$ cat upload34.txt   # compact mmCIF, C-alpha atoms and all ligand atoms
# COMPACT_ATOMS: atom_id res chain seq x y z
CA MET A 1 20.31 155.87 106.48
CA ASP A 2 19.19 152.46 107.78
CA ILE A 3 15.83 150.72 107.44
CA THR A 4 14.46 152.04 110.77
CA GLN A 5 15.12 155.60 109.67
CA LEU A 6 13.55 154.93 106.25
CA ASN A 7 10.41 153.65 107.96
CA ALA A 8 10.11 156.93 109.80
CA VAL A 9 10.40 159.21 106.75
CA LEU A 10 8.36 157.32 104.12
CA LYS A 11 4.92 158.72 103.36
CA PRO A 12 2.37 155.90 102.90
CA ASP A 13 0.11 157.98 100.62
CA GLU A 14 2.94 158.65 98.19
CA ILE A 15 4.18 155.06 98.17
CA GLY A 16 0.63 153.77 97.56
CA GLN A 17 0.17 156.14 94.63
CA GLU A 18 3.56 155.24 93.13
CA MET A 19 2.83 151.53 93.43
CA TYR A 20 -0.56 151.99 91.81
CA HIS A 21 1.00 154.01 89.00
CA LEU A 22 3.37 151.17 88.09
CA ILE A 23 0.47 148.70 88.10
CA SER A 24 -1.43 150.95 85.63
CA GLU A 25 1.67 151.16 83.45
CA LEU A 26 2.07 147.37 83.28
CA TYR A 27 -1.64 146.49 83.11
CA PRO A 28 -2.15 146.62 79.31
CA ILE A 29 0.78 144.31 78.48
CA CYS A 30 0.04 140.71 77.47
CA ARG A 31 2.48 138.71 79.57
CA SER A 32 3.04 134.99 79.65
CA ILE A 33 5.67 132.61 81.05
CA THR A 34 7.91 133.51 78.10
CA GLY A 35 7.95 136.08 75.32
CA ASN A 36 8.08 139.77 74.53
CA GLY A 37 5.37 140.81 77.00
CA PHE A 38 7.59 139.53 79.81
CA ARG A 39 10.61 141.36 78.36
CA GLU A 40 8.68 144.60 77.94
CA THR A 41 7.58 144.36 81.58
CA LEU A 42 11.18 143.94 82.77
CA GLN A 43 12.26 146.93 80.67
CA ILE A 44 9.70 149.10 82.48
CA ILE A 45 10.83 147.79 85.90
CA LYS A 46 14.37 148.67 84.81
CA ASN A 47 13.33 152.32 84.87
CA TYR A 48 13.02 151.95 88.65
CA ILE A 49 15.82 149.54 89.63
CA PRO A 50 19.03 148.24 87.99
CA LEU A 51 17.69 144.87 86.93
CA ASN A 52 19.78 142.19 85.27
CA ILE A 53 17.88 140.32 82.59
CA TYR A 54 18.61 136.65 81.92
CA GLU A 55 17.58 134.55 78.90
CA VAL A 56 17.46 130.74 79.24
CA PRO A 57 17.13 128.85 75.93
CA THR A 58 14.15 126.66 75.08
CA GLY A 59 14.99 123.01 75.71
CA THR A 60 17.22 123.68 78.73
CA GLN A 61 16.75 120.87 81.22
CA VAL A 62 15.87 122.23 84.68
CA PHE A 63 15.48 119.41 87.18
CA ASP A 64 12.48 117.36 85.98
CA TRP A 65 11.25 120.12 83.64
CA THR A 66 12.29 121.54 80.27
CA VAL A 67 12.26 125.24 79.40
CA PRO A 68 9.32 125.48 76.95
CA LYS A 69 9.05 127.08 73.54
CA GLU A 70 8.66 130.85 73.54
CA TRP A 71 5.16 132.22 72.92
CA ASN A 72 4.47 135.56 71.27
CA ILE A 73 1.15 136.98 70.17
CA ARG A 74 0.35 139.88 67.86
CA ASP A 75 -3.41 139.67 67.34
CA ALA A 76 -6.37 137.32 67.76
CA TYR A 77 -10.08 137.48 67.02
CA VAL A 78 -13.27 135.63 66.20
CA LYS A 79 -15.25 137.23 63.36
CA ASN A 80 -18.86 136.51 62.40
CA SER A 81 -19.93 136.10 58.77
CA LYS A 82 -20.47 139.87 58.53
CA GLY A 83 -16.77 140.33 59.23
CA GLU A 84 -17.33 141.87 62.68
CA ARG A 85 -14.81 141.05 65.43
CA ILE A 86 -17.07 139.60 68.10
CA ILE A 87 -14.13 138.52 70.28
CA ASP A 88 -11.12 140.80 70.06
CA PHE A 89 -7.72 140.29 71.73
CA LYS A 90 -7.09 144.03 71.28
CA LYS A 91 -9.93 144.80 73.71
CA SER A 92 -8.64 142.44 76.42
CA ASN A 93 -5.68 140.08 76.31
CA LEU A 94 -7.63 137.72 78.59
CA HIS A 95 -9.80 136.87 75.56
CA VAL A 96 -7.12 134.46 74.28
CA VAL A 97 -6.15 131.32 76.16
CA ASN A 98 -2.56 132.14 77.13
CA TYR A 99 -0.09 130.02 75.07
CA SER A 100 -2.65 129.25 72.34
CA ILE A 101 -1.06 127.81 69.21
CA PRO A 102 -1.41 129.87 66.01
CA ILE A 103 -4.54 129.14 64.01
CA LYS A 104 -6.55 130.60 61.12
CA THR A 105 -9.66 128.71 60.14
CA LYS A 106 -13.43 128.80 59.71
CA VAL A 107 -15.65 126.90 62.13
CA SER A 108 -19.31 126.35 62.97
CA LEU A 109 -20.74 127.51 66.29
CA THR A 110 -20.60 123.94 67.65
CA GLU A 111 -16.91 123.60 66.80
CA LEU A 112 -16.18 127.07 68.14
CA ARG A 113 -17.89 126.38 71.46
CA GLU A 114 -15.44 123.54 72.19
CA HIS A 115 -12.72 126.22 72.39
CA LEU A 116 -14.64 128.83 74.40
CA PHE A 117 -14.34 129.34 78.16
CA THR A 118 -16.70 131.33 80.38
CA LEU A 119 -17.73 131.75 84.01
CA PRO A 120 -21.46 131.02 84.29
CA GLU A 121 -21.48 132.08 87.95
CA TYR A 122 -20.09 135.53 87.04
CA PRO A 123 -21.69 136.13 83.63
CA ASP A 124 -20.05 139.53 82.97
CA TRP A 125 -16.46 138.53 83.68
CA ILE A 126 -13.87 137.08 81.30
CA PRO A 127 -11.92 134.17 82.80
CA TYR A 128 -8.11 133.86 82.57
CA ARG A 129 -7.04 130.48 81.18
CA THR A 130 -3.67 129.05 80.14
CA SER A 131 -2.46 126.03 78.22
CA TYR A 132 1.30 126.12 78.78
CA TYR A 133 2.21 122.48 78.58
CA LYS A 134 -0.44 121.11 76.18
CA GLU A 135 -0.67 122.56 72.67
CA ASN A 136 -4.20 123.87 72.27
CA TRP A 137 -6.06 127.05 71.38
CA GLY A 138 -9.05 128.83 72.80
CA PHE A 139 -10.87 132.04 73.63
CA CYS A 140 -12.31 133.34 76.88
CA LEU A 141 -15.40 135.54 77.00
CA SER A 142 -18.22 136.57 79.28
CA HIS A 143 -20.96 134.00 79.74
CA ARG A 144 -23.51 136.62 78.73
CA GLN A 145 -21.79 136.99 75.36
CA LEU A 146 -21.60 133.23 74.85
CA LEU A 147 -25.37 132.93 75.29
CA GLU A 148 -25.88 135.54 72.58
CA LEU A 149 -23.83 133.71 69.93
CA GLU A 150 -25.92 132.55 66.95
CA GLU A 151 -25.47 129.78 64.38
CA ASP A 152 -22.99 131.16 61.87
CA GLU A 153 -19.72 130.46 60.13
CA TYR A 154 -17.01 132.01 62.30
CA GLU A 155 -13.53 133.03 61.28
CA VAL A 156 -11.00 132.23 63.97
CA CYS A 157 -7.53 133.79 63.94
CA ILE A 158 -4.76 133.60 66.49
CA ASP A 159 -1.73 135.38 65.09
CA ALA A 160 0.80 133.93 67.51
CA SER A 161 4.07 132.03 67.39
CA LEU A 162 5.21 129.14 69.54
CA GLU A 163 8.84 128.53 68.65
CA LYS A 164 12.31 127.90 70.01
CA GLY A 165 13.38 130.97 71.96
CA HIS A 166 14.02 131.79 75.60
CA LEU A 167 12.59 131.97 79.08
CA THR A 168 13.31 135.46 80.40
CA TYR A 169 13.65 136.54 84.01
CA GLY A 170 14.86 139.57 85.93
CA GLU A 171 17.10 139.70 88.98
CA TYR A 172 18.45 142.53 91.09
CA TYR A 173 21.14 141.79 93.65
CA LEU A 174 21.67 144.47 96.26
CA PRO A 175 24.78 143.83 98.36
CA GLY A 176 24.65 144.53 102.09
CA LYS A 177 27.36 144.30 104.77
CA GLY A 178 27.12 140.51 104.92
CA SER A 179 26.81 137.85 102.24
CA GLU A 180 23.71 136.25 103.80
CA GLU A 181 20.68 137.04 101.72
CA ILE A 182 17.04 137.95 101.94
CA LEU A 183 15.08 136.77 98.89
CA LEU A 184 12.01 138.64 97.63
CA THR A 185 10.35 137.07 94.63
CA CYS A 186 7.22 137.61 92.54
CA HIS A 187 5.60 135.81 89.62
CA THR A 188 5.59 138.16 86.67
CA CYS A 189 3.85 135.99 84.06
CA HIS A 190 0.18 137.01 84.34
CA PRO A 191 -1.36 139.31 81.71
CA SER A 192 -3.90 142.04 82.62
CA LEU A 193 -4.55 140.94 86.21
CA CYS A 194 -3.86 143.44 88.97
CA ASN A 195 -3.89 141.81 92.38
CA ASP A 196 -2.43 138.54 91.04
CA ASN A 197 0.19 139.70 90.43
CA LEU A 198 0.92 143.23 89.25
CA SER A 199 0.53 144.19 92.92
CA GLY A 200 3.40 141.88 93.90
CA ILE A 201 5.58 143.09 91.01
CA SER A 202 5.01 146.69 92.03
CA LEU A 203 5.68 146.02 95.72
CA VAL A 204 8.97 144.23 95.01
CA THR A 205 10.04 147.00 92.61
CA HIS A 206 9.35 149.79 95.09
CA LEU A 207 10.87 147.91 98.00
CA ALA A 208 14.02 147.32 95.96
CA LYS A 209 14.11 150.98 94.96
CA GLN A 210 13.77 152.17 98.56
CA LEU A 211 16.29 149.69 99.99
CA GLY A 212 18.78 150.56 97.25
CA SER A 213 19.99 153.67 99.07
CA LEU A 214 20.25 152.17 102.56
CA SER A 215 23.02 150.75 104.66
CA LEU A 216 21.94 147.11 105.09
CA ARG A 217 22.98 144.16 107.21
CA TYR A 218 21.78 141.57 104.70
CA SER A 219 22.26 141.36 100.96
CA TYR A 220 19.01 141.31 99.03
CA ARG A 221 17.97 139.39 95.93
CA PHE A 222 14.84 140.45 94.07
CA LEU A 223 13.42 138.06 91.46
CA PHE A 224 10.89 138.70 88.70
CA ILE A 225 10.19 135.25 87.33
CA PRO A 226 7.45 133.33 85.54
CA GLY A 227 5.41 131.20 87.97
CA THR A 228 6.54 127.60 88.60
CA ILE A 229 8.87 127.14 85.60
CA GLY A 230 10.68 130.37 86.56
CA SER A 231 11.42 129.36 90.14
CA ILE A 232 12.39 125.85 89.02
CA THR A 233 14.75 127.33 86.41
CA TRP A 234 16.23 129.83 88.85
CA LEU A 235 16.78 127.21 91.55
CA CYS A 236 18.39 124.86 89.03
CA LEU A 237 20.79 127.54 87.71
CA ASN A 238 21.61 128.87 91.20
CA GLU A 239 21.61 125.65 93.19
CA THR A 240 25.11 126.15 94.58
CA HIS A 241 24.30 129.61 95.97
CA VAL A 242 20.93 129.05 97.65
CA SER A 243 22.46 128.23 101.03
CA ARG A 244 23.12 131.98 101.38
CA ILE A 245 19.36 132.61 101.57
CA ARG A 246 18.57 133.18 105.24
CA HIS A 247 15.03 134.50 104.82
CA GLY A 248 12.62 134.78 101.91
CA LEU A 249 9.15 135.95 100.96
CA VAL A 250 7.00 135.26 97.93
CA VAL A 251 5.15 138.50 97.17
CA ALA A 252 1.63 138.20 95.73
CA ASN A 253 -1.92 139.54 96.11
CA VAL A 254 -0.93 142.63 98.09
CA GLY A 255 -3.41 145.20 96.71
CA ASP A 256 -6.92 144.01 97.64
CA SER A 257 -9.05 145.12 100.59
CA GLY A 258 -8.74 141.82 102.49
CA LYS A 259 -6.83 141.27 105.70
CA SER A 260 -3.15 140.32 105.66
CA THR A 261 -2.53 136.59 105.38
CA TYR A 262 0.79 134.88 105.97
CA LYS A 263 1.52 131.38 104.79
CA LYS A 264 4.41 129.97 106.77
CA SER A 265 7.48 128.34 105.28
CA ARG A 266 7.68 124.54 105.25
CA ARG A 267 9.91 124.77 108.34
CA GLY A 268 7.12 126.54 110.20
CA ASP A 269 9.39 128.03 112.89
CA ALA A 270 11.93 129.88 110.77
CA GLU A 271 12.93 133.41 111.76
CA ILE A 272 10.90 134.77 108.83
CA ASP A 273 7.81 132.98 110.16
CA LYS A 274 8.35 134.51 113.59
CA ALA A 275 9.09 137.98 112.20
CA VAL A 276 5.97 138.15 110.02
CA SER A 277 3.78 136.71 112.79
CA HIS A 278 5.10 139.33 115.19
CA ILE A 279 4.39 142.23 112.82
CA LEU A 280 0.87 141.05 112.03
CA LYS A 281 0.08 140.38 115.69
CA HIS A 282 1.08 143.93 116.63
CA SER A 283 -0.44 145.60 113.55
CA GLY A 284 -3.71 146.37 115.33
CA GLN A 285 -5.55 144.87 112.34
CA ASP A 286 -7.25 141.58 111.63
CA TYR A 287 -4.92 138.98 110.08
CA GLU A 288 -4.54 135.27 109.48
CA ILE A 289 -1.61 132.87 109.64
CA LEU A 290 -1.73 129.68 107.60
CA ASP A 291 0.45 126.63 107.94
CA PHE A 292 2.54 125.62 104.94
CA SER A 293 0.85 123.52 102.28
CA PRO A 294 2.39 122.28 99.03
CA TYR A 295 -0.08 124.23 96.87
CA GLY A 296 0.10 127.94 96.02
CA TYR A 297 2.80 130.10 94.47
CA ASP A 298 6.56 129.65 94.05
CA GLU A 299 7.03 128.78 97.73
CA ARG A 300 6.13 125.30 96.45
CA GLN A 301 9.52 125.15 94.74
CA PHE A 302 11.60 127.08 97.31
CA CYS A 303 10.13 124.83 100.03
CA SER A 304 10.46 121.55 98.12
CA PRO A 305 12.26 119.00 100.35
CA GLY A 306 15.54 119.22 98.39
CA PHE A 307 15.78 122.94 99.21
CA ASN A 308 13.52 123.51 102.22
CA LEU A 309 14.39 127.21 102.25
CA PRO A 310 12.91 129.52 104.89
CA VAL A 311 10.53 131.15 102.41
CA GLY A 312 6.96 132.12 103.30
CA CYS A 313 4.28 134.03 101.44
CA LEU A 314 2.83 137.32 102.71
CA MET A 315 -0.42 138.23 100.95
CA ARG A 316 -3.72 139.89 101.62
CA THR A 317 -6.46 137.57 100.28
CA PRO A 318 -4.89 134.26 99.19
CA TYR A 319 -5.03 132.76 95.69
CA GLY A 320 -8.43 131.35 94.79
CA CYS A 321 -10.11 132.94 97.81
CA PHE A 322 -11.55 136.03 96.08
CA PRO A 323 -14.15 135.70 93.30
CA GLU A 324 -12.22 138.14 91.07
CA TYR A 325 -9.16 135.82 91.13
CA HIS A 326 -8.07 134.89 87.56
CA THR A 327 -10.84 136.94 85.94
CA SER A 328 -11.18 140.30 84.20
CA ALA A 329 -12.59 141.66 87.47
CA ASP A 330 -9.09 141.56 88.99
CA ASN A 331 -8.63 144.95 87.37
CA LEU A 332 -7.48 148.48 88.21
CA ASP A 333 -10.54 149.03 90.43
CA PHE A 334 -9.89 145.91 92.48
CA VAL A 335 -6.52 147.09 93.86
CA ARG A 336 -6.26 150.38 95.76
CA PRO A 337 -3.30 152.59 96.70
CA GLU A 338 -4.16 152.48 100.42
CA TYR A 339 -4.02 148.66 100.55
CA LEU A 340 -0.82 148.62 98.52
CA ALA A 341 0.70 151.12 100.95
CA ASP A 342 -0.43 149.05 103.93
CA SER A 343 1.16 145.91 102.47
CA PHE A 344 4.35 147.85 101.70
CA SER A 345 4.63 149.10 105.27
CA LYS A 346 4.18 145.56 106.62
CA TYR A 347 6.92 144.22 104.35
CA LEU A 348 9.19 147.04 105.47
CA ALA A 349 8.37 146.34 109.13
CA VAL A 350 9.24 142.65 108.65
CA LEU A 351 12.56 143.58 107.04
CA ASN A 352 13.21 146.02 109.86
CA VAL A 353 12.84 143.15 112.33
CA LEU A 354 15.18 140.90 110.34
CA GLU A 355 17.78 143.65 109.91
CA ASN A 356 17.83 144.34 113.66
CA ASN A 357 17.17 140.95 115.15
CA LYS A 358 20.43 140.24 116.96
CA LYS A 359 21.55 138.60 120.19
CA TYR A 360 23.09 140.59 123.03
CA LEU A 361 24.94 139.95 126.25
CA ASN A 362 24.08 141.65 129.52
CA LYS A 363 27.45 143.01 130.71
CA ASN A 364 26.22 143.14 134.29
CA PRO A 365 24.47 139.77 134.65
CA LYS A 366 24.81 139.33 138.40
CA CYS A 367 21.66 140.90 139.81
CA GLU A 368 20.05 143.92 138.13
CA PRO A 369 22.22 146.93 137.35
CA GLN A 370 21.11 150.09 139.12
CA LEU A 371 19.10 151.72 136.35
CA GLY A 372 17.83 154.74 138.28
CA ARG A 373 21.38 155.97 138.80
CA ARG A 374 21.82 155.95 135.01
CA GLY A 375 18.57 157.81 134.38
CA LEU A 376 17.03 154.72 132.78
CA TYR A 377 14.45 154.02 135.44
CA ARG A 378 11.90 156.46 136.84
CA ALA A 379 12.92 158.08 140.06
CA MET A 380 9.56 157.88 141.80
CA GLY A 381 8.90 154.50 143.43
CA GLY A 382 5.74 153.00 144.87
CA GLN A 383 3.48 153.10 141.81
CA LYS A 384 1.34 150.02 141.22
CA ASP A 385 2.50 149.20 137.68
CA VAL A 386 5.88 149.36 136.13
CA GLY A 387 5.94 151.47 132.91
CA THR A 388 6.24 149.71 129.54
CA PHE A 389 9.70 151.14 128.88
CA GLU A 390 10.98 150.00 132.27
CA LEU A 391 9.41 146.58 131.77
CA ALA A 392 11.13 146.27 128.40
CA LEU A 393 14.45 147.20 130.05
CA LEU A 394 14.06 144.39 132.56
CA TRP A 395 13.16 141.86 129.87
CA VAL A 396 16.09 142.79 127.64
CA LEU A 397 18.54 142.66 130.56
CA ASN A 398 17.15 139.36 131.79
CA LEU A 399 17.12 137.53 128.44
CA SER A 400 20.28 138.97 126.91
CA ASP A 401 22.32 135.88 127.67
CA GLY A 402 23.57 135.24 124.13
CA LYS A 403 20.78 132.74 123.53
CA HIS A 404 17.76 134.95 122.86
CA THR A 405 17.35 137.29 119.94
CA LEU A 406 15.52 140.60 120.33
CA LEU A 407 12.55 139.02 118.54
CA ASP A 408 12.55 136.15 121.05
CA ILE A 409 12.51 138.73 123.84
CA ALA A 410 9.71 140.70 122.17
CA ASP A 411 7.57 137.60 121.75
CA ARG A 412 8.22 136.26 125.24
CA SER A 413 7.45 139.63 126.85
CA GLY A 414 4.48 140.37 124.58
CA LEU A 415 6.05 143.76 123.78
CA LYS A 416 6.62 145.27 120.35
CA PHE A 417 9.91 144.58 118.60
CA ASP A 418 10.50 148.31 118.01
CA LEU A 419 10.33 149.01 121.72
CA ILE A 420 12.65 146.12 122.56
CA LYS A 421 15.10 147.39 119.95
CA ASN A 422 15.00 150.96 121.31
CA VAL A 423 15.63 149.65 124.80
CA ALA A 424 18.55 147.54 123.60
CA ASP A 425 20.03 150.65 121.95
CA ALA A 426 19.66 152.62 125.18
CA LEU A 427 21.32 149.86 127.22
CA LYS A 428 24.16 149.70 124.70
CA GLU A 429 24.68 153.42 125.02
CA HIS A 430 25.01 153.00 128.77
CA ASP A 431 27.49 150.18 128.28
CA LEU A 432 25.17 147.64 129.88
CA LEU A 433 24.75 145.51 126.76
CA GLU A 434 27.02 144.25 124.01
CA GLU A 435 26.32 142.50 120.74
CA PHE A 436 26.83 138.75 120.80
CA SER A 437 27.76 136.68 117.78
CA ASP A 438 27.78 132.89 117.91
ZN ZN B 1 -2.41 133.39 89.32

$ encode --input "upload34.txt" --output "structure tokens"
Amino acid sequence: MDITQLNAVLKPDEIGQEMYHLISELYPICRSITGNGFRETLQIIKNYIPLNIYEVPTGTQVFDWTVPKEWNIRDAYVKNSKGERIIDFKKSNLHVVNYSIPIKTKVSLTELREHLFTLPEYPDWIPYRTSYYKENWGFCLSHRQLLELEEDEYEVCIDASLEKGHLTYGEYYLPGKGSEEILLTCHTCHPSLCNDNLSGISLVTHLAKQLGSLSLRYSYRFLFIPGTIGSITWLCLNETHVSRIRHGLVVANVGDSGKSTYKKSRRGDAEIDKAVSHILKHSGQDYEILDFSPYGYDERQFCSPGFNLPVGCLMRTPYGCFPEYHTSADNLDFVRPEYLADSFSKYLAVLNVLENNKKYLNKNPKCEPQLGRRGLYRAMGGQKDVGTFELALLWVLNLSDGKHTLLDIADRSGLKFDLIKNVADALKEHDLLEEFSD
């Protein structure tokens, strides 16, 4: 089976439910850029796809960065003088500033407040905060709860360790017919946050699982890495191989109700940029296309000038553009199976374009071949408009000169890629078209 056939048999409802199920499974785990939460997450993904797990030691130099100490957390709380846990890591892992150093001490309310973080504009939500590269500790809580805190002596405990260890990441390489690769990557370092980025993790996992049984033109590489330091580490360790990457997508924020948004690669006119734009334009839904900017997710590293890889980012609502972003409200209610399924089908449609986007040669380039004789053109003449299928035939024949890909032809004609591809197949069957390789 190839990717076009898979597209036809997949049931969106089932895929959406399966993706949502994996998100629910991973939601409780406290992840960070290193540590056991990350490993546990990869072990669960391994139940779906044959992932290889890599461990990079603390202190490893990766370009201008150093792999940090490994962080692990067992428990954390703030207790009042009655011994009641008024902030409890076991209720939500967002309560602890991610990468907090271990601490056990008693503090006044004034001292405690210096280490507390809230969102006054959303008084019921807990913010998500990190302190990866500066040793510090802190707690996050709802603003409503902060306002209720009274003068007291508080017991603060963060039972964590920040020690020499490893940075862990997961990689699944799926060989296709050729050695050129398509890269699909997701940041896997956030704790209990669903859209950013359990949705991306689940989409990459299910895409990898579905593609695993297909006959593919490209080889595929799926990465589950911690944000920023993970892509820097991966690029540093794999620098000699990255020229094989022909197309890439950073997968994030794919489960919310917002419209699809594509952020182009730094190149701006790469085949991946054209393929995603084409799919969104013909989706029949609202969408947005953004130019590249050097802020965002791991495309920042893949598109740094020393690599400049054709890697874009296909999301729904972008980072920072939904109020729930990096808060406890990015929860299991915020992502829905139907939006996950919609994102999945768009990713699959993009890959379908890339897998089939080839150049052809018209074997009968001097004037038009007689299509009616071959049953390819309607017999009845005189109608005002040419049919869409016939129009597609004429476009494919006219532009199949070894210079235009099927996607070029689709875009120039304004017709859907799928139709152009079907027409090319029909012309091939009638020996009017042959594949062209430069
Ligand atoms: Zn984030």

$ residues_around --input "upload34.txt" --residues "Gly312 (chain A)" --least-positions-apart "4" --cutoff "12 Å" --atoms "only C-alpha atoms" --output "PDB file with C-alpha atoms, in the coordinates of the input"
ATOM      1  CA  ILE A 182      17.040 137.950 101.940  1.00  0.00           C
ATOM      2  CA  LEU A 183      15.080 136.770  98.890  1.00  0.00           C
ATOM      3  CA  LEU A 184      12.010 138.640  97.630  1.00  0.00           C
ATOM      4  CA  THR A 185      10.350 137.070  94.630  1.00  0.00           C
ATOM      5  CA  ARG A 246      18.570 133.180 105.240  1.00  0.00           C
ATOM      6  CA  HIS A 247      15.030 134.500 104.820  1.00  0.00           C
ATOM      7  CA  GLY A 248      12.620 134.780 101.910  1.00  0.00           C
ATOM      8  CA  LEU A 249       9.150 135.950 100.960  1.00  0.00           C
ATOM      9  CA  VAL A 250       7.000 135.260  97.930  1.00  0.00           C
ATOM     10  CA  VAL A 251       5.150 138.500  97.170  1.00  0.00           C
ATOM     11  CA  ALA A 252       1.630 138.200  95.730  1.00  0.00           C
ATOM     12  CA  THR A 261      -2.530 136.590 105.380  1.00  0.00           C
ATOM     13  CA  TYR A 262       0.790 134.880 105.970  1.00  0.00           C
ATOM     14  CA  LYS A 263       1.520 131.380 104.790  1.00  0.00           C
ATOM     15  CA  LYS A 264       4.410 129.970 106.770  1.00  0.00           C
ATOM     16  CA  SER A 265       7.480 128.340 105.280  1.00  0.00           C
ATOM     17  CA  ARG A 266       7.680 124.540 105.250  1.00  0.00           C
ATOM     18  CA  ARG A 267       9.910 124.770 108.340  1.00  0.00           C
ATOM     19  CA  GLY A 268       7.120 126.540 110.200  1.00  0.00           C
ATOM     20  CA  ASP A 269       9.390 128.030 112.890  1.00  0.00           C
ATOM     21  CA  ALA A 270      11.930 129.880 110.770  1.00  0.00           C
ATOM     22  CA  GLU A 271      12.930 133.410 111.760  1.00  0.00           C
ATOM     23  CA  ILE A 272      10.900 134.770 108.830  1.00  0.00           C
ATOM     24  CA  ASP A 273       7.810 132.980 110.160  1.00  0.00           C
ATOM     25  CA  LYS A 274       8.350 134.510 113.590  1.00  0.00           C
ATOM     26  CA  ALA A 275       9.090 137.980 112.200  1.00  0.00           C
ATOM     27  CA  VAL A 276       5.970 138.150 110.020  1.00  0.00           C
ATOM     28  CA  SER A 277       3.780 136.710 112.790  1.00  0.00           C
ATOM     29  CA  ILE A 289      -1.610 132.870 109.640  1.00  0.00           C
ATOM     30  CA  LEU A 290      -1.730 129.680 107.600  1.00  0.00           C
ATOM     31  CA  ASP A 291       0.450 126.630 107.940  1.00  0.00           C
ATOM     32  CA  PHE A 292       2.540 125.620 104.940  1.00  0.00           C
ATOM     33  CA  SER A 293       0.850 123.520 102.280  1.00  0.00           C
ATOM     34  CA  PRO A 294       2.390 122.280  99.030  1.00  0.00           C
ATOM     35  CA  GLY A 296       0.100 127.940  96.020  1.00  0.00           C
ATOM     36  CA  TYR A 297       2.800 130.100  94.470  1.00  0.00           C
ATOM     37  CA  ASP A 298       6.560 129.650  94.050  1.00  0.00           C
ATOM     38  CA  GLU A 299       7.030 128.780  97.730  1.00  0.00           C
ATOM     39  CA  ARG A 300       6.130 125.300  96.450  1.00  0.00           C
ATOM     40  CA  GLN A 301       9.520 125.150  94.740  1.00  0.00           C
ATOM     41  CA  PHE A 302      11.600 127.080  97.310  1.00  0.00           C
ATOM     42  CA  CYS A 303      10.130 124.830 100.030  1.00  0.00           C
ATOM     43  CA  ASN A 308      13.520 123.510 102.220  1.00  0.00           C
TER      44      ASN A 308
END

$ closest_residue --input "upload34.txt" --among "A:Asp408, A:Asp342, A:Asp438, A:Asp330" --to "ligand ZN 1 (chain B)" --atoms "only C-alpha atoms and all ligand atoms"
A:Asp330

$ atom_distance --input "upload34.txt" --atom1 "CA of Thr58 (chain A)" --atom2 "CA of Cys157 (chain A)"
25.4 Å

$ atom_distance --input "upload34.txt" --atom1 "CA of Tyr339 (chain A)" --atom2 "CA of Leu351 (chain A)"
18.5 Å

$ residues_near_ligand --input "upload34.txt" --ligand "ligand ZN 1 (chain B)" --cutoff "12 Å" --atoms "all atoms listed in the file" --output "PDB file with C-alpha atoms, keeping the file's coordinate frame"
ATOM      1  CA  SER A  32       3.040 134.990  79.650  1.00  0.00           C
ATOM      2  CA  ILE A  33       5.670 132.610  81.050  1.00  0.00           C
ATOM      3  CA  PRO A 127     -11.920 134.170  82.800  1.00  0.00           C
ATOM      4  CA  TYR A 128      -8.110 133.860  82.570  1.00  0.00           C
ATOM      5  CA  ARG A 129      -7.040 130.480  81.180  1.00  0.00           C
ATOM      6  CA  THR A 130      -3.670 129.050  80.140  1.00  0.00           C
ATOM      7  CA  CYS A 186       7.220 137.610  92.540  1.00  0.00           C
ATOM      8  CA  HIS A 187       5.600 135.810  89.620  1.00  0.00           C
ATOM      9  CA  THR A 188       5.590 138.160  86.670  1.00  0.00           C
ATOM     10  CA  CYS A 189       3.850 135.990  84.060  1.00  0.00           C
ATOM     11  CA  HIS A 190       0.180 137.010  84.340  1.00  0.00           C
ATOM     12  CA  PRO A 191      -1.360 139.310  81.710  1.00  0.00           C
ATOM     13  CA  SER A 192      -3.900 142.040  82.620  1.00  0.00           C
ATOM     14  CA  LEU A 193      -4.550 140.940  86.210  1.00  0.00           C
ATOM     15  CA  CYS A 194      -3.860 143.440  88.970  1.00  0.00           C
ATOM     16  CA  ASN A 195      -3.890 141.810  92.380  1.00  0.00           C
ATOM     17  CA  ASP A 196      -2.430 138.540  91.040  1.00  0.00           C
ATOM     18  CA  ASN A 197       0.190 139.700  90.430  1.00  0.00           C
ATOM     19  CA  LEU A 198       0.920 143.230  89.250  1.00  0.00           C
ATOM     20  CA  SER A 199       0.530 144.190  92.920  1.00  0.00           C
ATOM     21  CA  GLY A 200       3.400 141.880  93.900  1.00  0.00           C
ATOM     22  CA  PRO A 226       7.450 133.330  85.540  1.00  0.00           C
ATOM     23  CA  GLY A 227       5.410 131.200  87.970  1.00  0.00           C
ATOM     24  CA  THR A 228       6.540 127.600  88.600  1.00  0.00           C
ATOM     25  CA  ALA A 252       1.630 138.200  95.730  1.00  0.00           C
ATOM     26  CA  ASN A 253      -1.920 139.540  96.110  1.00  0.00           C
ATOM     27  CA  GLY A 296       0.100 127.940  96.020  1.00  0.00           C
ATOM     28  CA  TYR A 297       2.800 130.100  94.470  1.00  0.00           C
ATOM     29  CA  ASP A 298       6.560 129.650  94.050  1.00  0.00           C
ATOM     30  CA  PRO A 318      -4.890 134.260  99.190  1.00  0.00           C
ATOM     31  CA  TYR A 319      -5.030 132.760  95.690  1.00  0.00           C
ATOM     32  CA  GLY A 320      -8.430 131.350  94.790  1.00  0.00           C
ATOM     33  CA  CYS A 321     -10.110 132.940  97.810  1.00  0.00           C
ATOM     34  CA  PHE A 322     -11.550 136.030  96.080  1.00  0.00           C
ATOM     35  CA  GLU A 324     -12.220 138.140  91.070  1.00  0.00           C
ATOM     36  CA  TYR A 325      -9.160 135.820  91.130  1.00  0.00           C
ATOM     37  CA  HIS A 326      -8.070 134.890  87.560  1.00  0.00           C
ATOM     38  CA  THR A 327     -10.840 136.940  85.940  1.00  0.00           C
ATOM     39  CA  ASP A 330      -9.090 141.560  88.990  1.00  0.00           C
TER      40      ASP A 330
END
